[in-house]
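Notes follow once the structure below has been shown.
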Amino acid sequence: MGEVVQCGELPASYSYRDQSLLDLVSDNLASQDAVTLLDEHYRSQPELIAFSNHAFYDDRLKIMQARPGSTQELALSFHPLEGRRAKTGRNRVEKDWVIAQLRNYFDRYDDNALKPSIGVLSPYREQVDYLDKEISKAFSAAKLRSFSVRVATPYGFQGEERDVMLLSLSLDDQSLRAAAYLNRADMFNVAVTRAKEEQRVAYSINPELLPPGHLLRRYLSFVPANLTVMPSWEFSCDFAREVSAELDAEGIAHWINFPIAGQRVDVVCEYQGVILGVDLIGYPGEHQQHFTTQVYKILHRAGIRVLPLPYFNWVENKRACIERLIVELRGALVERGQQLA
């Protein structure tokens with residue numbers, strides 16, 4: 001039998017209240033070379049992760065959910081209100097806004113078999129308790145369950161996610177000292193990255209009153225310089241221009257140099273919701289080399305099928321190349337229908 005170690009004899013680093021398993025592993029690494037960043041982000045739309053990717057991950061995350069057309073409706077929206085933070089820490093105007101948002105979602109999706117899950121988050125416990133109480137009064141428990149509504153602080157959402165997140169920041173211009181709490185990187189990163197499809201942020205504070213480097217001020221004014229969902233329409237060569245012209249003639253929606261999963265895909269086509277990437281190969285310059293096997297694997301994990309298109313084949317028979325592309329799109333559409341069935 002091994003020696004029995006009393007709880008009081010455990011090293012401080014083994015305290016589960018103060019240290020996670022990851023902390024323990026990190027503390028025992030001989031070198032940071034052994035650390036690997038999990039850089040493929042599958043959870044959310046590009047807009048929803050853009051700030052954290054820039055502020056906390058040095059733009060190293062590959063956004064796997066980027067798709068053409070995903071910017072038709074804003075995934076992230078900010079809603080300045082004229083609320084006031086009471087001495088109790090409650091903000092009534094933001095509470096009313098949250099309840100109105102919930103009612104809109106309930107009315108819109110109530111008849112749907114598949115309903116979006118909804119999270120309500122505030123960084124401050126007083127506002128969370130207030131919201132939880134008032135939401136429970138405004139809606140039935142059955143209604144809240146049907147939309148998987150959760151009301152919590154960022155720590156209550158650790159490891160959780162929702163299709164839609166409603167954030168109530170609760171602060172006003174007179175509570176700048178309390179705003180210091182929102183400058184904590186660990187808490188802030190969790191708070192703004194729980195949504196998969198849509199995030200709406202209500203705030204009652206003038207961000208210009210915060211220090212220039214404050215996370216909340218930066219978040220409310222953040223516009224990524226290289227917004228990952230924006231394609232480029234600058235044709236890098238005649239090959240890309242010719243392919244685009246033929247696709248236009250066929251009425252196939254397409255985008256040039258569309259970024260997906262950290263890669264610029266030469267051409268991305270869309271047909272009835274099916275996405276197909278085209279890898280232009282063999283034209284002198286940017287499109288001379290094909291994607292590496294690693295890039296093909298990354299795009300496959302992102303759910304993107306890629307068709308290689310050599311320039312030699314294009315010169316020989318443009319029509320056959322376009323017809324093959326159409327066959328691939330239609331085949332993928334049939335395959336998707338079979339999967340849904």
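Residue numbers start at 1 in each chain; chains themselves are named A, B, ... in the order of the structure tokens; ligands are numbered from 1 in the order shown.
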
So that I can check the secondary structure, give me every residue of range 144-268 of chain A assigned strand (DSSP E or B) by backbone DSSP, as JSON, numbers by chain. {"A": [150, 151, 152, 162, 163, 164, 165, 166, 167, 168, 169, 170, 171, 172, 195, 196, 197, 198, 199, 200, 201, 202, 203, 204, 253, 254, 255, 256, 257, 258, 259, 260, 263, 264, 265, 266, 267, 268]}

Those selected residues, please, written with N, CA, C and O atoms and delivered as a short mmCIF file (atom, residue, chain, number, x, y, z; two decimals), in the first residue's frame.
data_model
loop_
_atom_site.label_atom_id
_atom_site.label_comp_id
_atom_site.auth_asym_id
_atom_site.auth_seq_id
_atom_site.Cartn_x
_atom_site.Cartn_y
_atom_site.Cartn_z
N ARG A 150 -29.89 31.55 -20.01
CA ARG A 150 -28.99 31.53 -18.85
C ARG A 150 -28.60 32.96 -18.52
O ARG A 150 -28.23 33.73 -19.41
N VAL A 151 -28.67 33.31 -17.25
CA VAL A 151 -28.29 34.64 -16.78
C VAL A 151 -27.14 34.47 -15.79
O VAL A 151 -27.29 33.79 -14.78
N ALA A 152 -25.99 35.10 -16.09
CA ALA A 152 -24.82 34.86 -15.24
C ALA A 152 -23.75 35.91 -15.48
O ALA A 152 -23.81 36.70 -16.42
N ARG A 162 -23.77 30.34 -26.10
CA ARG A 162 -25.16 30.48 -26.53
C ARG A 162 -25.19 31.01 -27.96
O ARG A 162 -24.26 31.67 -28.40
N ASP A 163 -26.26 30.71 -28.68
CA ASP A 163 -26.40 31.24 -30.03
C ASP A 163 -26.42 32.77 -30.00
O ASP A 163 -25.80 33.43 -30.83
N VAL A 164 -27.16 33.30 -29.04
CA VAL A 164 -27.30 34.75 -28.89
C VAL A 164 -26.87 35.15 -27.49
O VAL A 164 -27.24 34.50 -26.51
N MET A 165 -26.08 36.22 -27.41
CA MET A 165 -25.69 36.77 -26.11
C MET A 165 -26.16 38.22 -26.00
O MET A 165 -25.95 39.02 -26.92
N LEU A 166 -26.78 38.54 -24.87
CA LEU A 166 -27.17 39.91 -24.55
C LEU A 166 -26.32 40.37 -23.38
O LEU A 166 -26.36 39.76 -22.31
N LEU A 167 -25.54 41.43 -23.57
CA LEU A 167 -24.65 41.92 -22.52
C LEU A 167 -25.18 43.23 -21.96
O LEU A 167 -25.52 44.15 -22.72
N SER A 168 -25.25 43.30 -20.64
CA SER A 168 -25.61 44.53 -19.93
C SER A 168 -24.41 44.93 -19.10
O SER A 168 -24.10 44.30 -18.08
N LEU A 169 -23.72 45.99 -19.50
CA LEU A 169 -22.48 46.39 -18.82
C LEU A 169 -22.74 47.15 -17.54
O LEU A 169 -21.85 47.28 -16.70
N SER A 170 -23.94 47.73 -17.41
CA SER A 170 -24.44 48.27 -16.14
C SER A 170 -23.81 49.59 -15.71
O SER A 170 -24.39 50.30 -14.90
N LEU A 171 -22.67 49.95 -16.25
CA LEU A 171 -21.95 51.15 -15.81
C LEU A 171 -22.59 52.43 -16.35
O LEU A 171 -23.34 52.42 -17.31
N ASP A 172 -22.27 53.57 -15.70
CA ASP A 172 -22.61 54.88 -16.25
C ASP A 172 -21.43 55.81 -16.04
O ASP A 172 -20.36 55.39 -15.58
N ALA A 195 -20.82 34.14 -27.52
CA ALA A 195 -21.85 34.04 -28.55
C ALA A 195 -21.36 33.26 -29.76
O ALA A 195 -20.21 33.38 -30.16
N LYS A 196 -22.26 32.49 -30.36
CA LYS A 196 -21.94 31.77 -31.59
C LYS A 196 -22.42 32.51 -32.84
O LYS A 196 -21.75 32.50 -33.86
N GLU A 197 -23.61 33.12 -32.76
CA GLU A 197 -24.20 33.73 -33.94
C GLU A 197 -24.41 35.24 -33.82
O GLU A 197 -24.26 35.96 -34.79
N GLU A 198 -24.78 35.72 -32.63
CA GLU A 198 -25.12 37.13 -32.50
C GLU A 198 -24.84 37.61 -31.08
O GLU A 198 -25.10 36.88 -30.12
N GLN A 199 -24.34 38.83 -30.98
CA GLN A 199 -24.11 39.44 -29.67
C GLN A 199 -24.56 40.89 -29.70
O GLN A 199 -24.18 41.65 -30.60
N ARG A 200 -25.36 41.26 -28.72
CA ARG A 200 -25.84 42.64 -28.58
C ARG A 200 -25.36 43.17 -27.23
O ARG A 200 -25.57 42.53 -26.20
N VAL A 201 -24.76 44.35 -27.27
CA VAL A 201 -24.13 44.91 -26.07
C VAL A 201 -24.78 46.23 -25.71
O VAL A 201 -24.77 47.18 -26.51
N ALA A 202 -25.37 46.30 -24.52
CA ALA A 202 -25.97 47.54 -24.02
C ALA A 202 -25.01 48.19 -23.03
O ALA A 202 -24.47 47.52 -22.15
N TYR A 203 -24.81 49.50 -23.18
CA TYR A 203 -23.93 50.21 -22.25
C TYR A 203 -24.46 51.63 -22.02
O TYR A 203 -25.07 52.23 -22.90
N SER A 204 -24.22 52.14 -20.82
CA SER A 204 -24.71 53.46 -20.43
C SER A 204 -23.58 54.41 -20.08
O SER A 204 -23.82 55.48 -19.52
N ALA A 253 -22.74 33.06 -57.83
CA ALA A 253 -22.20 34.02 -56.87
C ALA A 253 -20.80 33.58 -56.45
O ALA A 253 -20.57 32.39 -56.18
N HIS A 254 -19.88 34.52 -56.41
CA HIS A 254 -18.52 34.15 -56.06
C HIS A 254 -17.77 35.35 -55.49
O HIS A 254 -18.17 36.49 -55.65
N TRP A 255 -16.68 35.04 -54.79
CA TRP A 255 -15.85 36.05 -54.15
C TRP A 255 -14.39 35.74 -54.46
O TRP A 255 -14.00 34.57 -54.50
N ILE A 256 -13.61 36.78 -54.65
CA ILE A 256 -12.19 36.62 -54.96
C ILE A 256 -11.36 36.82 -53.69
O ILE A 256 -11.60 37.76 -52.92
N ASN A 257 -10.39 35.94 -53.47
CA ASN A 257 -9.48 36.05 -52.32
C ASN A 257 -10.24 36.16 -51.00
O ASN A 257 -9.95 37.03 -50.17
N PHE A 258 -11.21 35.28 -50.81
CA PHE A 258 -12.00 35.32 -49.58
C PHE A 258 -11.25 34.60 -48.46
O PHE A 258 -10.79 33.48 -48.64
N PRO A 259 -11.13 35.25 -47.27
CA PRO A 259 -10.37 34.63 -46.17
C PRO A 259 -11.21 33.65 -45.36
O PRO A 259 -12.27 34.00 -44.83
N ILE A 260 -10.75 32.42 -45.28
CA ILE A 260 -11.40 31.39 -44.45
C ILE A 260 -10.31 30.64 -43.71
O ILE A 260 -9.32 30.20 -44.31
N GLN A 263 -6.73 31.47 -44.31
CA GLN A 263 -6.22 31.30 -45.67
C GLN A 263 -7.00 32.19 -46.63
O GLN A 263 -8.22 32.33 -46.49
N ARG A 264 -6.32 32.76 -47.60
CA ARG A 264 -7.01 33.48 -48.67
C ARG A 264 -7.31 32.47 -49.77
O ARG A 264 -6.41 32.00 -50.46
N VAL A 265 -8.58 32.15 -49.94
CA VAL A 265 -8.99 31.19 -50.97
C VAL A 265 -9.16 31.97 -52.27
O VAL A 265 -9.87 32.98 -52.32
N ASP A 266 -8.53 31.49 -53.35
CA ASP A 266 -8.48 32.24 -54.61
C ASP A 266 -9.87 32.65 -55.09
O ASP A 266 -10.12 33.81 -55.41
N VAL A 267 -10.77 31.68 -55.16
CA VAL A 267 -12.16 31.95 -55.55
C VAL A 267 -13.06 31.12 -54.64
O VAL A 267 -12.80 29.93 -54.42
N VAL A 268 -14.10 31.74 -54.13
CA VAL A 268 -15.09 31.02 -53.32
C VAL A 268 -16.45 31.19 -53.98
O VAL A 268 -16.91 32.31 -54.20
#

Excluding Arg84 in chain A and its own-chain neighbours fewer than 2 positions away, which residues fall within 9 Å of it when counting only C-alpha atoms? Please give them as a PyMOL selection string. chain A and resi 82+86+90-94+170-174+204-205

Please produce an output containing N, CA and C atoms for each residue in the selection, written as a tab-separated table (two decimals), in the first residue's frame.
chain	number	residue	atom	x	y	z
A	82	GLU	N	-29.23	55.47	-22.01
A	82	GLU	CA	-29.10	56.54	-21.02
A	82	GLU	C	-29.47	56.01	-19.64
A	86	ALA	N	-27.47	52.54	-10.12
A	86	ALA	CA	-27.88	52.91	-8.76
A	86	ALA	C	-26.82	52.51	-7.75
A	90	ARG	N	-27.49	48.36	-9.67
A	90	ARG	CA	-28.47	47.99	-10.68
A	90	ARG	C	-28.64	49.10	-11.71
A	91	ASN	N	-28.91	48.69	-12.95
A	91	ASN	CA	-29.18	49.63	-14.03
A	91	ASN	C	-30.53	49.26	-14.63
A	92	ARG	N	-31.55	50.04	-14.27
A	92	ARG	CA	-32.92	49.70	-14.66
A	92	ARG	C	-33.14	49.81	-16.17
A	93	VAL	N	-32.59	50.85	-16.79
A	93	VAL	CA	-32.78	51.04	-18.23
A	93	VAL	C	-32.21	49.86	-19.01
A	94	GLU	N	-31.04	49.38	-18.62
A	94	GLU	CA	-30.46	48.22	-19.30
A	94	GLU	C	-31.27	46.96	-19.02
A	170	SER	N	-23.94	47.73	-17.41
A	170	SER	CA	-24.44	48.27	-16.14
A	170	SER	C	-23.81	49.59	-15.71
A	171	LEU	N	-22.67	49.95	-16.25
A	171	LEU	CA	-21.95	51.15	-15.81
A	171	LEU	C	-22.59	52.43	-16.35
A	172	ASP	N	-22.27	53.57	-15.70
A	172	ASP	CA	-22.61	54.88	-16.25
A	172	ASP	C	-21.43	55.81	-16.04
A	173	ASP	N	-21.61	57.07	-16.39
A	173	ASP	CA	-20.48	58.02	-16.33
A	173	ASP	C	-20.02	58.32	-14.91
A	174	GLN	N	-20.83	57.96	-13.94
A	174	GLN	CA	-20.48	58.22	-12.55
A	174	GLN	C	-19.85	57.01	-11.86
A	204	SER	N	-24.22	52.14	-20.82
A	204	SER	CA	-24.71	53.46	-20.43
A	204	SER	C	-23.58	54.41	-20.08
A	205	ILE	N	-22.36	54.02	-20.39
A	205	ILE	CA	-21.19	54.83	-20.07
A	205	ILE	C	-20.61	55.43	-21.35

So that I can see what lies close to range 187-193 of chain A, please list as a ChimeraX atom specification the residues with an atom at most 12 Å from it, counting only C-alpha atoms and leaving out residues fewer than 4 positions away in the same chain. /A:41-57,76-77,119-124,152-169,179-183,197-201,214-220

Nearest candidate to Arg305 in chain A (options A:Asp279, A:His290, A:Pro212, A:Asn317; using only C-alpha atoms): A:Asp279

Enumerate as a ChimeraX atom specification all residues of range 282-336 of chain A assigned to helix (DSSP H, G or I) by DSSP on the backbone, naming them with the chain letters and numbers the document uses. /A:293-301,311-316,318-336

Could you list, as a PyMOL selection string, every residue within 7 Å of range 142-149 of chain A, counting only C-alpha atoms and ignoring same-chain residues fewer than 4 positions away? chain A and resi 115-119

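Counting only C-alpha atoms, the residue from A:Arg330, A:Leu114, A:Lys137, A:Ala178 that sits nearest to Tyr271 in chain A is A:Arg330.
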
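What separates CA of Leu309 in chain A from CA of Ile281 in chain A is a distance of 5.9 Å.
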
Please indicate the distance in Å from CA of His300 in chain A to CA of Arg241 in chain A, rounded to one decimal place. 25.7 Å

The distance between CA of Val315 in chain A and CA of Ile252 in chain A is 20.5 Å

So, counting only C-alpha atoms, which residue among A:Asp132, A:Asp248, A:Glu270, A:Glu316 is closest to Lys95 in chain A?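 Using only C-alpha atoms, the shortest distance to Lys95 in chain A belongs to A:Asp132.
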